[in-house]
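Q: I'd like to ask some things about the structure below.
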Amino acid sequence: MWILKRFKNSDMIETIDDEIHISADKKTYCYKMADIVKLVILTTDQGPVFDDVALLIMVKETFFVIPSENYLFEKNSV
């Protein structure tokens, strides 16, 4: 079963050594970097009228989506 988590501004993601720590929907997740199955940049091609870009992180059976309007998108794109 696939699970989709869309990041809100209250959520957090950070990397520590070879682990990814994610707090989303009041739950905490911890994965090894090797658990990342796919990283994808999504676009709907509706910009600049609508915010149309997101980062998708697929870890095991969970999809985490960070929309570009979320402060984490810019913070982690450096």
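In the structure tokens, chains take letters A, B, ... by order of appearance, with residues numbered from 1 within each chain and ligands from 1 in the order shown.
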Which polymer residues have any atom within 6 Å of an atom of stretch 21-26 of chain A, counting only C-alpha atoms, with same-chain residues fewer than 4 positions away left out, as number ranges by chain?

A: A: 11-14, 30

Q: Write out as an NGL selection string each polymer residue whose atoms come within 12 Å of A:Val40, counting only C-alpha atoms; drop sequence neighbours fewer than 6 positions from it.

A: :A and (53-59 or 63-67)

Q: Would you mind exporting C-alpha atoms of the selected residues as a short mmCIF file (atom, residue, chain, number, x, y, z; two decimals), in the first residue's frame?

A:
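And here's again25.cif as it stands now:
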data_model
loop_
_atom_site.label_atom_id
_atom_site.label_comp_id
_atom_site.auth_asym_id
_atom_site.auth_seq_id
_atom_site.Cartn_x
_atom_site.Cartn_y
_atom_site.Cartn_z
CA VAL A 53 6.63 22.73 -8.73
CA ALA A 54 7.17 20.15 -5.99
CA LEU A 55 9.88 17.78 -4.84
CA LEU A 56 8.81 14.16 -4.42
CA ILE A 57 10.87 11.88 -2.20
CA MET A 58 9.97 8.20 -2.46
CA VAL A 59 11.14 6.15 0.51
CA PHE A 63 5.84 9.38 -1.01
CA PHE A 64 6.76 12.69 0.65
CA VAL A 65 5.85 15.76 -1.42
CA ILE A 66 7.36 19.16 -0.65
CA PRO A 67 5.49 21.84 -2.66
#

Q: Where does DSSP see strand (DSSP E) in chain A, if you list the residues as number ranges by chain?

A: A: 3-6, 12-16, 19-24, 27-32, 36-43, 53-59, 62-67

Q: To one decimal place, how far is atom CA of A:Ile36 from atom CA of A:Lys60 in Å?

A: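 Spanning atom CA of A:Ile36 to atom CA of A:Lys60 is a straight-line distance of 6.8 Å.
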
Q: Extract, using only C-alpha atoms, all DNA, RNA and protein residues at most 7 Å from A:Lys32, discarding same-chain residues fewer than 2 positions from it, and format them as an NGL selection string.

A: :A and (18-20 or 34-35)

Q: Do you know which residues are at most 8 Å from A:Asn70 counting only C-alpha atoms, after dropping those on the same chain fewer than 6 positions away, and could you put them as a ChimeraX atom specification?

A: /A:7-9
